[in-house]
Amino acid sequence: MSVQRLRQGFTIVELLIVIVVIAILATVTIVSYSGIQSQAKNTTFLAAMDAYEKAIRLYYAEYGTYPSTYLNGNYQQTCLGEDFVATVDYSEGKCFSNVVIDGYTGVDKATIGTVIPSVNQALKEFIQPLPKAADREFSLGAIPYSRGIGYQGGQLGSSHFATLYYYVSGDQKCGRGNRSVTSYEGTEFTLCNVVLTNS
């Protein structure tokens with residue numbers, strides 16, 4: 001009469017197989033979650049872009065011009081919104097990084113890529129609270145470049161103009177607006193912009 005030994009526990013091979021399966025499942029879950037998070041951020045950002053475009057169009061319908069970014073003798077590029085807090089790479093109220101602003105010469109650096117309160121105030125008549133978009137950052141290679149939604153607008157002669165824009169890395173489709181692919185020192189990026197003009 002033979003006695004069969006009862007098997008207790010797992011062999012090392014079985015344990016390794018279980019660990020590998022768990023690792024694969026965890027990786028798939030993390031990748032899926034990251035993709036969903038990224039997609040949600042993009043959707044929120046594009047919704048902010050739509051809201052600002054609508055507010056700017058409503059402003060034009062009411063006043064016959066677009067909110068002006070004319071400051072210190074030039075039409076400045078400004079940031080839309082009020083959530084431009086200071087970070088390691090950006091100064092308070094700026095949508096261009098410190099590195100980019102430091103690269104300008106012969107201009108008033110205080111006004112480059114700055115929030116213009118009068119523009120935000122003008123848009124508050126049509127949209128409140130102002131959508132947040134400053135957490136969307138664009139880097140040119142390893143160099144922080146800009147964040148949020150940029151805007152430039154006003155009047156040249158009898159023509160009224162307004163442009164909303166943002167940047168994305170690489171050659172990508174734009175969620176909103178026209179698409180222009182450019183390269184800087186071998187780094188490709190895409191400018192997405194919505195251009196409004198009325199004569």
# chains A, B, ... in the order shown; residues from 1 in each chain; ligands from 1
call {"tool": "residues_around", "arguments": {"residues": "segment 154-161 of chain A", "least_positions_apart": "2", "cutoff": "10 Å", "atoms": "only C-alpha atoms", "output": "JSON, numbers by chain"}}
result
{"A": [60, 64, 65, 66, 67, 68, 69, 70, 75, 76, 152, 163, 195, 196, 197, 198, 199]}
call {"tool": "select_by_dssp", "arguments": {"residues": "segment 29-140 of chain A", "states": "strand (DSSP E or B)", "output": "MDAnalysis selection string"}}
result
chainID A and resid 70:71 74:75 78:79 94 96 114 137:140
call {"tool": "write_last_selection", "arguments": {"atoms": "N, CA and C atoms", "output": "PDB file, in the first residue's frame"}}
result
ATOM      1  N   TYR A  70      -3.436  95.447 -26.607  1.00  0.00           N
ATOM      2  CA  TYR A  70      -2.497  96.535 -26.912  1.00  0.00           C
ATOM      3  C   TYR A  70      -1.913  97.066 -25.612  1.00  0.00           C
ATOM      4  N   LEU A  71      -0.601  97.016 -25.506  1.00  0.00           N
ATOM      5  CA  LEU A  71       0.073  97.399 -24.275  1.00  0.00           C
ATOM      6  C   LEU A  71       1.477  97.875 -24.615  1.00  0.00           C
ATOM      7  N   ASN A  74       2.485  97.895 -28.415  1.00  0.00           N
ATOM      8  CA  ASN A  74       2.394  96.672 -29.231  1.00  0.00           C
ATOM      9  C   ASN A  74       1.187  95.839 -28.825  1.00  0.00           C
ATOM     10  N   TYR A  75       0.749  94.991 -29.761  1.00  0.00           N
ATOM     11  CA  TYR A  75      -0.254  93.993 -29.416  1.00  0.00           C
ATOM     12  C   TYR A  75       0.469  92.805 -28.795  1.00  0.00           C
ATOM     13  N   THR A  78      -1.036  87.396 -24.665  1.00  0.00           N
ATOM     14  CA  THR A  78      -1.407  87.289 -23.259  1.00  0.00           C
ATOM     15  C   THR A  78      -1.928  85.890 -22.958  1.00  0.00           C
ATOM     16  N   CYS A  79      -2.138  85.616 -21.670  1.00  0.00           N
ATOM     17  CA  CYS A  79      -2.678  84.332 -21.232  1.00  0.00           C
ATOM     18  C   CYS A  79      -4.131  84.547 -20.817  1.00  0.00           C
ATOM     19  N   LYS A  94       2.378  84.687 -15.645  1.00  0.00           N
ATOM     20  CA  LYS A  94       3.048  84.543 -16.946  1.00  0.00           C
ATOM     21  C   LYS A  94       2.689  83.212 -17.598  1.00  0.00           C
ATOM     22  N   PHE A  96       4.490  82.465 -20.593  1.00  0.00           N
ATOM     23  CA  PHE A  96       5.778  82.074 -21.182  1.00  0.00           C
ATOM     24  C   PHE A  96       6.738  81.790 -20.032  1.00  0.00           C
ATOM     25  N   THR A 114       2.256  87.931 -20.488  1.00  0.00           N
ATOM     26  CA  THR A 114       1.682  88.276 -19.193  1.00  0.00           C
ATOM     27  C   THR A 114       0.152  88.244 -19.234  1.00  0.00           C
ATOM     28  N   GLU A 137       0.964  72.473 -19.934  1.00  0.00           N
ATOM     29  CA  GLU A 137       2.267  73.059 -20.244  1.00  0.00           C
ATOM     30  C   GLU A 137       2.866  72.436 -21.496  1.00  0.00           C
ATOM     31  N   PHE A 138       3.632  73.248 -22.215  1.00  0.00           N
ATOM     32  CA  PHE A 138       4.320  72.793 -23.422  1.00  0.00           C
ATOM     33  C   PHE A 138       5.809  73.046 -23.256  1.00  0.00           C
ATOM     34  N   SER A 139       6.616  72.020 -23.538  1.00  0.00           N
ATOM     35  CA  SER A 139       8.069  72.155 -23.485  1.00  0.00           C
ATOM     36  C   SER A 139       8.642  71.936 -24.871  1.00  0.00           C
ATOM     37  N   LEU A 140       9.660  72.695 -25.182  1.00  0.00           N
ATOM     38  CA  LEU A 140      10.372  72.560 -26.447  1.00  0.00           C
ATOM     39  C   LEU A 140      11.610  71.727 -26.167  1.00  0.00           C
TER      40      LEU A 140
END
call {"tool": "closest_atom_pairs", "arguments": {"of": "segment 50-130 of chain A", "to": "segment 165-189 of chain A", "cutoff": "12 Å", "atoms": "only C-alpha atoms", "output": "CSV"}}
result
residue,atom,partner,partner_atom,distance
A:Asp50,CA,A:Arg176,CA,8.2
A:Ala51,CA,A:Arg176,CA,11.9
A:Tyr52,CA,A:Tyr165,CA,11.0
A:Glu53,CA,A:Arg176,CA,10.4
A:Gln77,CA,A:Tyr165,CA,9.8
A:Thr78,CA,A:Tyr165,CA,10.3
A:Cys79,CA,A:Tyr165,CA,9.7
A:Leu80,CA,A:Tyr165,CA,10.2
A:Cys95,CA,A:Tyr166,CA,10.6
A:Phe96,CA,A:Tyr166,CA,11.4
call {"tool": "select_by_dssp", "arguments": {"residues": "segment 19-199 of chain A", "states": "alpha helix (DSSP H)", "output": "PyMOL selection string"}}
result
chain A and resi 19-63+98-102+117-124
call {"tool": "closest_residue", "arguments": {"among": "A:Ile22, A:Gly153, A:Val100, A:Arg136", "to": "Phe45 of chain A", "atoms": "only C-alpha atoms"}}
result
A:Arg136
call {"tool": "closest_residue", "arguments": {"among": "A:Gly148, A:Ala110, A:Thr44, A:Leu15", "to": "Ala134 of chain A", "atoms": "only C-alpha atoms"}}
result
A:Gly148
